[in-house]
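Chemist: To start, I am sharing the structure in question, which I have written as structure tokens.
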Amino acid sequence: MNLNSCDFAVIGGGLVGATIARGLASGGSRVIVLDEGDLALRASRGNFALVWVQGKGSDMPRYAEWTCQSVSLWREFCTEIEAETGLDVGYRQPGGFHLALSERELEYLRATRHVGQQSGTTPYPPCEIMSASEIRSRLPHVGAEVVGGSYCPLDGHVNALRLFRAIHRAMIVHGVDYRPNSRVTEIEFDGAFRLRLEDAGTIKADRLLLAAGLDNARLAPMVGLAAPVRSQRGQILVTEKTLPFLHFPIATVQQTDEGTVLIGDSQEEVGPEGPVTTGIASVMASRAMRMFPSLAELKIVRWWDCARVLSPDGYPIYDHSESHPGAFLATCHSGVTLAAAHAKLLVPAVLNGKLPEQFAAFSSRRFDVRAHC
Amino acid sequence: MFVRIADGESERVVVLIDGTPFEGCQGDSIATVLLLTGKIGCRRSFVSGEPRGPYCMMGVCFECLVKVDGIDGLQACMIPIRSGMRIETSIDQP
Amino acid sequence: MKQLSDLDDLKHVYDVAVVGGGPSGMAAAAAAAAHDLEVIVLDENPDVGGQIYRGLRTSPLDRRRILGSTYTGGDDLIREFAQTRSDYLPGAVVWMASRSLELGVSKSRRSRIIKSRRIILATGAFERAFPIPGWTLPGVLTVGAAQGLLKSSGVAPLGRFVLAGTGPLLWLFASQILSSGHAPVAILDTTRRSRQLWASTALPGFLTSEYFPAAIKLIRHVSANIPVIRGVTMLAAEGRSSVSRVSYRRAGRPPQSIDVDHLLLHQGVVPNAQLPIAAGCAIRWNDRQACWQPVIDQWGETSIESIAIAGDGAGILGAESASRSGRLCGLNAACKLGRIDTSGRDSAAAPIRRELARFARGRRFVDTAFLPDRAFRVASADTLACRCEEIRGRQITELLDAHGAIGPNQLKSFLRCGMGSCQGRQCALTVTEMIAAHRGVSPAAVGSYRLRFPIKPITVAEVASLPQEPCDRRAVERI
């Protein structure tokens, strides 16, 4: 058996690529994951670790449905990963909050949470708008400036770094051949795929999955696909460890099971190598303090920025190639929330040869349609 | 335990260490007076609870963390003592 | 020199901001201020001197006698700095020095951002981590820590204590503590035994250097009075709530132990390069000293325009070289800011460069002789590699076995090494060396942790107090 040939090559070893690679390998495929080096941009290392449904897909019901499907499978996915690796990823689902610091913010929450709908009649999850006093009864430490918020009982969070480590471990346990420092420079196709690597090596694969985040934009056209993704920087502040005090995740403030508090997050239309922005950190810190005054004296130990991988409408792109049969594309910016759906719904679809009709809404062809409108 | 061997008649400064008064010298850091009182351990590791104390005495190891005048998590080796300062270690806390 | 007392006393913009109040910082500030530039020295310590001249300004006579001329030699520089027009703010931690020349400064739990037209980083060095079993036990300190106690406060270890490791500082301190009337029970010398060393081409340089006579005298003084156990290949600190014993091995002999109240460790110093690394300055691996150092030119300029490094922060050269390199940085700043032309700068620099060459003589030998053995640059299975997050050597090797050729940043995110309060200062080199050993490559090929500002922790409230623009609010609030 040639070490450099496989059934499936997966380009990208982040959460998306690793999750799917694990699934493909567990079905018996020989899988090689080609990853970049240690300093590669890795959204998988810098995310906020939310496993979140509220507010998602307010203008794309199919995405809301996809997200809810993923969260309904998350506990099962997590149990499998833990059994395979012995690593507890710390998934907790106590429900989650968005907190409003002004009437305007509260109004925005009212408008975007499809509140009061019967579950089962819409793809949207149950969501409650709460007054300041209702919030205070659930989150006693909350600051006086919080005017209300939204709560969804299905929201939760996970230890993002342990999750990433566990998925990497799980894929290796299933026999995936993980290759860092293996940037792909070209892809050729003659019924099978030939991937040329930066170090002059070649990998031959019967089928191919592009899960390379921002680099999908460069790779996709090589296999007759399109991944019009852009980088959007997000910054996060991380505090020192402290005794547990915050038992629910807030969309922008959460305490991890290590004791650290994560404070986020920003959306900036720049790449991750842009200049330092203390102003943004300041806004995040002051909002967090207004929500939880006791955060004031905690020390910030780390301050990270990462590049979100965003499609033009912010929703995932899942595609199979017509011109290069066997080539698939998967990109999204919620690799944590969608990990279960990727593992349990996307993997079987990919193994099937083509993505079925239920994935049509996520094809990049939707951007061509919009361009013509 | 550490001991003063040369003080050149520096001005004396009295601080409280875990409620007990101690007379140090102008220019001593909090970590210095802790070591002089035999408190070579001053806190417990957040991860395992094992005892920790001053190691580098120059602000790069972050082991000598104490509470000073009610504010927690300060590096004892980087703070000069001042008269009346209330210093609290956490090594005896569970 | 104008000593400021508060963050609010800082100007909004300076010509030259010097980070660090040791010999290189004082010399850089003096050289720049002599050319009529507006200079600020931001010092995290309560007084000038850095580590080597710690407490010197207020040091009483009896202490000076014990510490000797390597210490009191800083008097002239301190006096010179005191007579400049430079501003000086003690107790000021610089947590950011960005490529856009903004400095984040924290003092007394408040933060401010100031700007400078040029930045000179003079942050010196700190001791190389010395991962041995039990190194986190209370009562285990660095030799530098003990020396600083002696310098700043005239405080010495009481009872039985051992010095362990290698390097000039260990011998210097042994001599100083001996002069104070307190001798260690023993020195456990981990210096690598190497016959080749004595035949090396670096030897003549050392024999004819400034260091040689002093070094010989020192070694004789110490060896005559303190038992020196050479060729130590393994060390461990033992005890329950504090260190009570140190055990050790020498090649081919059974393990032995010594009861102690304190263990003082030292195996050299490495550049304190947190600020330039976080700023994005190019760094390179120095194989002879087994550490990273920022890449600088002959004026101390880094790969980032207007950020220069003076002294040990760009590579360990010792205190005498530190002040000389500081002067070159200060002169160059004066030139770049139009106060002198290049020929004026170059001719002022010439004698300084000659002095630098003098002090560089013999360094190669010292570096080679005192490079710690690889066994002490990695963490054994049961030893904590990362003190803050309590990650043991075994966890690192198991992860590398399981995941293959991952780098320090991937390892950091998988194990949390380097994520604690010390921000990797105590584990970065250990992790890089362990990955290099596992892969069979040079540390140069492995790289190091990517660092970000703040390079020292600051409170949420401090961050919240920094200036905000409407676009910043929009990027976070998004509605």
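In the structure tokens, chains take letters A, B, ... by order of appearance, with residues numbered from 1 within each chain and ligands from 1 in the order shown.
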Within 8 Å of segment 97-105 of chain A, counting only C-alpha atoms, which residues show up once you throw out same-chain ones fewer than 4 positions away? Write them as number ranges by chain, please.
Modeler: A: 109, 145-152, 248-252, 287, 290-291; C: 479
Chemist: Counting only C-alpha atoms, which residues of chain C come no farther than 7 Å from chain A, as a PyMOL selection string?
Modeler: chain C and resi 405-407+409-410+413-414+421+452-453+457-461+463-469+472-473+475-476
Chemist: With N, CA and C atoms retained, export the selected residues as a PDB file, in the first residue's frame.
Modeler:
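Produced file result.pdb, reproduced below:
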```
ATOM      1  N   ALA C 405       4.210  15.434  14.536  1.00  0.00           N
ATOM      2  CA  ALA C 405       5.048  16.627  14.448  1.00  0.00           C
ATOM      3  C   ALA C 405       4.272  17.926  14.630  1.00  0.00           C
ATOM      4  N   ILE C 406       3.639  18.062  15.800  1.00  0.00           N
ATOM      5  CA  ILE C 406       2.935  19.327  16.008  1.00  0.00           C
ATOM      6  C   ILE C 406       3.913  20.325  16.626  1.00  0.00           C
ATOM      7  N   GLY C 407       3.576  21.595  16.481  1.00  0.00           N
ATOM      8  CA  GLY C 407       4.463  22.638  16.962  1.00  0.00           C
ATOM      9  C   GLY C 407       4.050  23.147  18.335  1.00  0.00           C
ATOM     10  N   ASN C 409       2.690  25.893  19.339  1.00  0.00           N
ATOM     11  CA  ASN C 409       1.386  26.558  19.478  1.00  0.00           C
ATOM     12  C   ASN C 409       0.247  25.549  19.466  1.00  0.00           C
ATOM     13  N   GLN C 410       0.375  24.538  18.644  1.00  0.00           N
ATOM     14  CA  GLN C 410      -0.639  23.482  18.650  1.00  0.00           C
ATOM     15  C   GLN C 410      -0.577  22.732  19.981  1.00  0.00           C
ATOM     16  N   SER C 413      -2.235  24.699  22.668  1.00  0.00           N
ATOM     17  CA  SER C 413      -3.699  24.676  22.669  1.00  0.00           C
ATOM     18  C   SER C 413      -4.228  23.306  23.085  1.00  0.00           C
ATOM     19  N   PHE C 414      -3.448  22.276  22.912  1.00  0.00           N
ATOM     20  CA  PHE C 414      -3.911  20.946  23.323  1.00  0.00           C
ATOM     21  C   PHE C 414      -3.699  20.694  24.813  1.00  0.00           C
ATOM     22  N   SER C 421      -0.495  32.467  33.985  1.00  0.00           N
ATOM     23  CA  SER C 421      -0.139  33.859  34.265  1.00  0.00           C
ATOM     24  C   SER C 421       1.252  34.229  33.795  1.00  0.00           C
ATOM     25  N   ARG C 452       1.184  37.573  22.477  1.00  0.00           N
ATOM     26  CA  ARG C 452       0.328  38.711  22.171  1.00  0.00           C
ATOM     27  C   ARG C 452       0.398  39.684  23.343  1.00  0.00           C
ATOM     28  N   PHE C 453       0.092  40.930  23.091  1.00  0.00           N
ATOM     29  CA  PHE C 453      -0.097  41.866  24.198  1.00  0.00           C
ATOM     30  C   PHE C 453      -1.412  41.500  24.888  1.00  0.00           C
ATOM     31  N   PRO C 457      -0.130  40.449  32.760  1.00  0.00           N
ATOM     32  CA  PRO C 457      -1.580  40.536  32.959  1.00  0.00           C
ATOM     33  C   PRO C 457      -2.005  41.900  33.503  1.00  0.00           C
ATOM     34  N   ILE C 458      -3.093  42.425  32.978  1.00  0.00           N
ATOM     35  CA  ILE C 458      -3.679  43.669  33.482  1.00  0.00           C
ATOM     36  C   ILE C 458      -5.167  43.405  33.703  1.00  0.00           C
ATOM     37  N   THR C 459      -5.803  44.208  34.542  1.00  0.00           N
ATOM     38  CA  THR C 459      -7.181  43.883  34.922  1.00  0.00           C
ATOM     39  C   THR C 459      -8.179  44.231  33.820  1.00  0.00           C
ATOM     40  N   VAL C 460      -9.352  43.598  33.921  1.00  0.00           N
ATOM     41  CA  VAL C 460     -10.459  43.907  33.010  1.00  0.00           C
ATOM     42  C   VAL C 460     -10.777  45.398  33.090  1.00  0.00           C
ATOM     43  N   ALA C 461     -10.770  45.925  34.305  1.00  0.00           N
ATOM     44  CA  ALA C 461     -11.057  47.359  34.477  1.00  0.00           C
ATOM     45  C   ALA C 461     -10.030  48.229  33.766  1.00  0.00           C
ATOM     46  N   VAL C 463      -8.309  47.430  31.069  1.00  0.00           N
ATOM     47  CA  VAL C 463      -8.564  47.351  29.637  1.00  0.00           C
ATOM     48  C   VAL C 463      -9.786  48.194  29.287  1.00  0.00           C
ATOM     49  N   ALA C 464     -10.793  48.137  30.168  1.00  0.00           N
ATOM     50  CA  ALA C 464     -12.029  48.891  29.910  1.00  0.00           C
ATOM     51  C   ALA C 464     -11.793  50.395  29.924  1.00  0.00           C
ATOM     52  N   SER C 465     -10.703  50.838  30.533  1.00  0.00           N
ATOM     53  CA  SER C 465     -10.450  52.272  30.642  1.00  0.00           C
ATOM     54  C   SER C 465      -9.689  52.824  29.444  1.00  0.00           C
ATOM     55  N   LEU C 466      -9.260  51.949  28.535  1.00  0.00           N
ATOM     56  CA  LEU C 466      -8.485  52.436  27.384  1.00  0.00           C
ATOM     57  C   LEU C 466      -9.401  53.164  26.409  1.00  0.00           C
ATOM     58  N   PRO C 467      -8.838  54.054  25.586  1.00  0.00           N
ATOM     59  CA  PRO C 467      -9.696  54.862  24.710  1.00  0.00           C
ATOM     60  C   PRO C 467     -10.474  54.010  23.712  1.00  0.00           C
ATOM     61  N   GLN C 468     -11.722  54.413  23.459  1.00  0.00           N
ATOM     62  CA  GLN C 468     -12.581  53.721  22.512  1.00  0.00           C
ATOM     63  C   GLN C 468     -13.045  54.683  21.435  1.00  0.00           C
ATOM     64  N   GLU C 469     -13.103  54.211  20.198  1.00  0.00           N
ATOM     65  CA  GLU C 469     -13.650  55.000  19.082  1.00  0.00           C
ATOM     66  C   GLU C 469     -15.017  54.438  18.709  1.00  0.00           C
ATOM     67  N   ASP C 472     -14.929  51.136  17.093  1.00  0.00           N
ATOM     68  CA  ASP C 472     -14.675  50.022  18.019  1.00  0.00           C
ATOM     69  C   ASP C 472     -15.992  49.546  18.610  1.00  0.00           C
ATOM     70  N   ARG C 473     -16.837  50.493  19.002  1.00  0.00           N
ATOM     71  CA  ARG C 473     -18.130  50.109  19.582  1.00  0.00           C
ATOM     72  C   ARG C 473     -18.977  49.374  18.563  1.00  0.00           C
ATOM     73  N   ALA C 475     -17.932  47.572  16.103  1.00  0.00           N
ATOM     74  CA  ALA C 475     -17.396  46.230  15.836  1.00  0.00           C
ATOM     75  C   ALA C 475     -17.829  45.244  16.909  1.00  0.00           C
ATOM     76  N   VAL C 476     -18.132  45.725  18.099  1.00  0.00           N
ATOM     77  CA  VAL C 476     -18.508  44.826  19.188  1.00  0.00           C
ATOM     78  C   VAL C 476     -20.023  44.761  19.349  1.00  0.00           C
TER      79      VAL C 476
END
```
Chemist: Check every residue of chain B for an atom within 7 Å of chain C, counting only C-alpha atoms, and provide those that qualify as a compact mmCIF listing (two decimals) with N, CA and C atoms, in the first residue's frame.
Modeler:
```txt
# COMPACT_ATOMS: atom_id res chain seq x y z
N MET B 1 13.61 29.79 55.55
CA MET B 1 13.67 31.01 56.37
C MET B 1 14.83 31.89 55.91
N PHE B 2 14.61 33.19 55.93
CA PHE B 2 15.66 34.12 55.54
C PHE B 2 15.91 35.09 56.68
N VAL B 3 17.07 35.71 56.66
CA VAL B 3 17.43 36.57 57.79
C VAL B 3 18.11 37.84 57.28
N ARG B 4 17.88 38.94 57.98
CA ARG B 4 18.53 40.20 57.57
C ARG B 4 19.93 40.21 58.14
N ILE B 5 20.91 40.44 57.29
CA ILE B 5 22.30 40.48 57.77
C ILE B 5 22.93 41.86 57.63
N ALA B 6 22.32 42.72 56.86
CA ALA B 6 22.90 44.06 56.68
C ALA B 6 21.75 45.01 56.37
N ASP B 7 21.48 45.95 57.28
CA ASP B 7 20.35 46.82 56.98
C ASP B 7 20.72 48.28 56.89
N GLY B 8 21.95 48.62 57.17
CA GLY B 8 22.42 50.00 56.99
C GLY B 8 21.52 51.03 57.63
N GLY B 27 12.19 49.81 51.39
CA GLY B 27 12.84 49.17 50.25
C GLY B 27 12.60 47.67 50.16
N ASP B 28 12.14 47.05 51.25
CA ASP B 28 11.80 45.62 51.18
C ASP B 28 10.58 45.47 50.28
N THR B 32 9.91 39.85 50.19
CA THR B 32 11.05 39.85 51.12
C THR B 32 10.58 39.66 52.54
N ILE B 40 7.66 30.88 53.32
CA ILE B 40 8.25 30.63 52.01
C ILE B 40 7.21 30.12 51.03
N GLY B 41 6.06 29.67 51.53
CA GLY B 41 4.92 29.34 50.68
C GLY B 41 3.85 30.37 50.97
N VAL B 47 -4.64 24.76 40.13
CA VAL B 47 -4.91 23.49 39.46
C VAL B 47 -4.98 22.33 40.45
N PRO B 51 1.28 23.61 47.34
CA PRO B 51 1.77 24.90 47.86
C PRO B 51 2.78 25.55 46.92
N ARG B 52 2.70 26.87 46.84
CA ARG B 52 3.62 27.64 46.01
C ARG B 52 4.09 28.86 46.80
N GLY B 53 5.28 29.34 46.44
CA GLY B 53 5.81 30.54 47.08
C GLY B 53 6.77 31.25 46.15
N PRO B 54 7.40 32.32 46.63
CA PRO B 54 8.31 33.09 45.77
C PRO B 54 9.40 32.20 45.16
N TYR B 55 9.71 32.46 43.90
CA TYR B 55 10.72 31.64 43.20
C TYR B 55 11.75 32.55 42.52
N CYS B 56 11.28 33.50 41.69
CA CYS B 56 12.22 34.28 40.89
C CYS B 56 12.53 35.65 41.48
N MET B 57 11.62 36.16 42.32
CA MET B 57 11.77 37.46 42.96
C MET B 57 11.99 38.60 41.98
N VAL B 60 8.72 37.36 37.06
CA VAL B 60 8.50 36.58 35.83
C VAL B 60 7.90 35.20 36.07
N CYS B 61 7.72 34.81 37.34
CA CYS B 61 7.19 33.46 37.56
C CYS B 61 5.74 33.47 38.02
N PHE B 62 5.26 34.56 38.58
CA PHE B 62 3.86 34.70 39.01
C PHE B 62 3.47 33.68 40.07
N MET B 78 7.03 42.42 43.51
CA MET B 78 7.09 43.66 42.72
C MET B 78 6.54 44.86 43.49
```
Chemist: Only residues of chain B matter here; which ones have an atom within 12 Å of chain A, counting only C-alpha atoms? Give them as a list in words.
Modeler: Ser45, Phe46, Val47, Ser48, Phe62, Gly70, Ile71, Asp72, Gly73 and Leu74 of chain B
Chemist: Would you mind exporting C-alpha atoms of the selected residues as a PDB file, in the first residue's frame?
Modeler:
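Generated file (selection.pdb):
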```
ATOM      1  CA  SER B  45      -1.887  26.290  42.930  1.00  0.00           C
ATOM      2  CA  PHE B  46      -5.275  26.759  41.310  1.00  0.00           C
ATOM      3  CA  VAL B  47      -4.905  23.490  39.459  1.00  0.00           C
ATOM      4  CA  SER B  48      -3.926  21.005  42.164  1.00  0.00           C
ATOM      5  CA  PHE B  62       3.863  34.705  39.010  1.00  0.00           C
ATOM      6  CA  GLY B  70      -8.057  43.693  49.962  1.00  0.00           C
ATOM      7  CA  ILE B  71      -6.894  43.279  46.364  1.00  0.00           C
ATOM      8  CA  ASP B  72      -6.080  39.727  45.348  1.00  0.00           C
ATOM      9  CA  GLY B  73      -3.584  38.209  42.959  1.00  0.00           C
ATOM     10  CA  LEU B  74      -0.751  40.738  43.276  1.00  0.00           C
TER      11      LEU B  74
END
```
Chemist: Can you pull out every residue within 9 Å of Leu77 of chain C, counting only C-alpha atoms, but drop anything in the same chain fewer than 3 positions away, and send it as a PyMOL selection string?
Modeler: chain C and resi 23+26-27+30+73-74+80-82+323
Chemist: Dump C-alpha atoms for the selected residues as an mmCIF file, in the first residue's frame?
Modeler:
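Output (part.cif):
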```
data_model
loop_
_atom_site.group_PDB
_atom_site.id
_atom_site.type_symbol
_atom_site.label_atom_id
_atom_site.label_comp_id
_atom_site.auth_asym_id
_atom_site.auth_seq_id
_atom_site.Cartn_x
_atom_site.Cartn_y
_atom_site.Cartn_z
ATOM 1 C CA PRO C 23 22.233 49.497 32.699
ATOM 2 C CA MET C 26 19.872 54.104 31.680
ATOM 3 C CA ALA C 27 22.665 54.342 29.125
ATOM 4 C CA ALA C 30 21.384 59.182 28.843
ATOM 5 C CA GLY C 73 30.501 49.512 39.304
ATOM 6 C CA GLY C 74 27.014 50.748 38.474
ATOM 7 C CA GLU C 80 25.036 59.993 35.021
ATOM 8 C CA PHE C 81 21.418 59.025 34.451
ATOM 9 C CA ALA C 82 20.321 61.077 37.459
ATOM 10 C CA SER C 323 25.407 49.831 28.867
#
```
Chemist: Near Phe189 of chain A, counting only C-alpha atoms, which residues have an atom at most 12 Å away, once you skip same-chain residues fewer than 2 positions from it, shown as a list of chain:residue names?
Modeler: A:Glu186, A:Ile187, A:Gly191, A:Ala192, A:Phe193, A:Arg194, A:Leu195, A:Arg196, A:Ile203, A:Lys204, A:Ala205, A:Asp206, A:Arg207, A:Leu208, A:Met222, A:Val223, A:Gly224, A:Ser321, A:Ser323, A:His324, A:Pro325, A:Gly326, A:Ala327
Chemist: Which neighbours of segment 6-12 of chain C fall inside 10 Å, counting only C-alpha atoms, when residues of the same chain fewer than 2 positions from it are skipped, and could you give them as JSON, numbers by chain?
Modeler: {"C": [3, 4, 14, 38, 40, 42, 87, 88, 89, 90, 91, 92, 105, 106, 107, 108, 110, 111, 112, 113, 114, 115, 116]}
Chemist: Write down as a PyMOL selection string the residues belonging to segment 21-269 of chain C that are assigned alpha helix (DSSP H) by DSSP computed on the backbone.
Modeler: chain C and resi 23-33+61-67+69-72+75-82+143-153+168-179+195-199+203-207+211-225
Chemist: Any chance you could export the current selection's C-alpha atoms as a compact mmCIF listing (two decimals), in the first residue's frame?
Modeler:
```txt
# COMPACT_ATOMS: atom_id res chain seq x y z
CA PRO C 23 22.23 49.50 32.70
CA SER C 24 21.16 49.35 29.05
CA GLY C 25 18.06 51.46 29.68
CA MET C 26 19.87 54.10 31.68
CA ALA C 27 22.67 54.34 29.12
CA ALA C 28 20.23 54.56 26.20
CA ALA C 29 18.24 57.26 27.94
CA ALA C 30 21.38 59.18 28.84
CA ALA C 31 22.69 59.07 25.29
CA ALA C 32 19.35 60.14 23.81
CA ALA C 33 18.67 62.85 26.38
CA LEU C 61 28.14 50.52 52.86
CA ASP C 62 28.02 47.12 54.54
CA ARG C 63 26.04 45.65 51.70
CA ARG C 64 28.37 47.14 49.11
CA ARG C 65 31.34 45.48 50.72
CA ILE C 66 29.67 42.09 50.55
CA LEU C 67 28.53 42.47 46.97
CA SER C 69 32.78 45.74 42.48
CA THR C 70 30.61 44.08 39.86
CA TYR C 71 27.78 45.67 41.84
CA THR C 72 29.24 49.01 42.85
CA ASP C 75 27.37 53.92 40.58
CA ASP C 76 28.75 56.05 37.78
CA LEU C 77 26.01 55.13 35.38
CA ILE C 78 23.30 55.79 37.94
CA ARG C 79 24.81 59.16 38.71
CA GLU C 80 25.04 59.99 35.02
CA PHE C 81 21.42 59.02 34.45
CA ALA C 82 20.32 61.08 37.46
CA VAL C 143 20.10 32.13 42.63
CA GLY C 144 19.11 35.45 41.09
CA ALA C 145 16.28 35.71 43.59
CA ALA C 146 18.65 35.17 46.48
CA GLN C 147 21.14 37.63 45.05
CA GLY C 148 18.42 40.23 44.61
CA LEU C 149 17.40 39.78 48.24
CA LEU C 150 20.97 40.40 49.28
CA LYS C 151 21.26 43.47 47.08
CA SER C 152 17.93 45.11 47.80
CA SER C 153 17.47 44.29 51.43
CA PRO C 168 28.86 32.71 36.15
CA LEU C 169 26.07 34.13 38.31
CA LEU C 170 26.06 31.03 40.48
CA TRP C 171 29.77 31.43 41.24
CA LEU C 172 29.47 35.17 41.75
CA PHE C 173 26.66 34.73 44.23
CA ALA C 174 28.52 31.95 46.02
CA SER C 175 31.39 34.34 46.52
CA GLN C 176 29.09 37.14 47.68
CA ILE C 177 27.14 35.01 50.14
CA LEU C 178 30.40 33.61 51.46
CA SER C 179 31.62 37.17 52.08
CA ARG C 195 37.77 17.88 27.61
CA GLN C 196 37.17 19.45 24.23
CA LEU C 197 36.28 22.71 25.92
CA TRP C 198 39.81 23.24 27.12
CA ALA C 199 41.16 22.65 23.64
CA LEU C 203 39.84 29.49 25.06
CA PRO C 204 42.50 32.08 24.14
CA GLY C 205 39.82 34.73 23.92
CA PHE C 206 38.70 33.92 27.41
CA LEU C 207 42.20 33.78 28.82
CA TYR C 211 36.69 38.18 32.86
CA PHE C 212 39.57 35.86 33.33
CA PRO C 213 41.44 37.27 36.31
CA ALA C 214 38.25 37.96 38.23
CA ALA C 215 36.87 34.55 37.36
CA ILE C 216 39.93 32.73 38.61
CA LYS C 217 39.95 34.65 41.87
CA LEU C 218 36.26 33.97 42.37
CA ILE C 219 36.49 30.27 41.67
CA ARG C 220 39.44 29.92 44.03
CA HIS C 221 37.62 31.80 46.80
CA VAL C 222 34.53 29.68 46.46
CA SER C 223 36.24 26.31 46.00
CA ALA C 224 38.40 26.85 49.05
CA ASN C 225 35.39 27.41 51.28
```
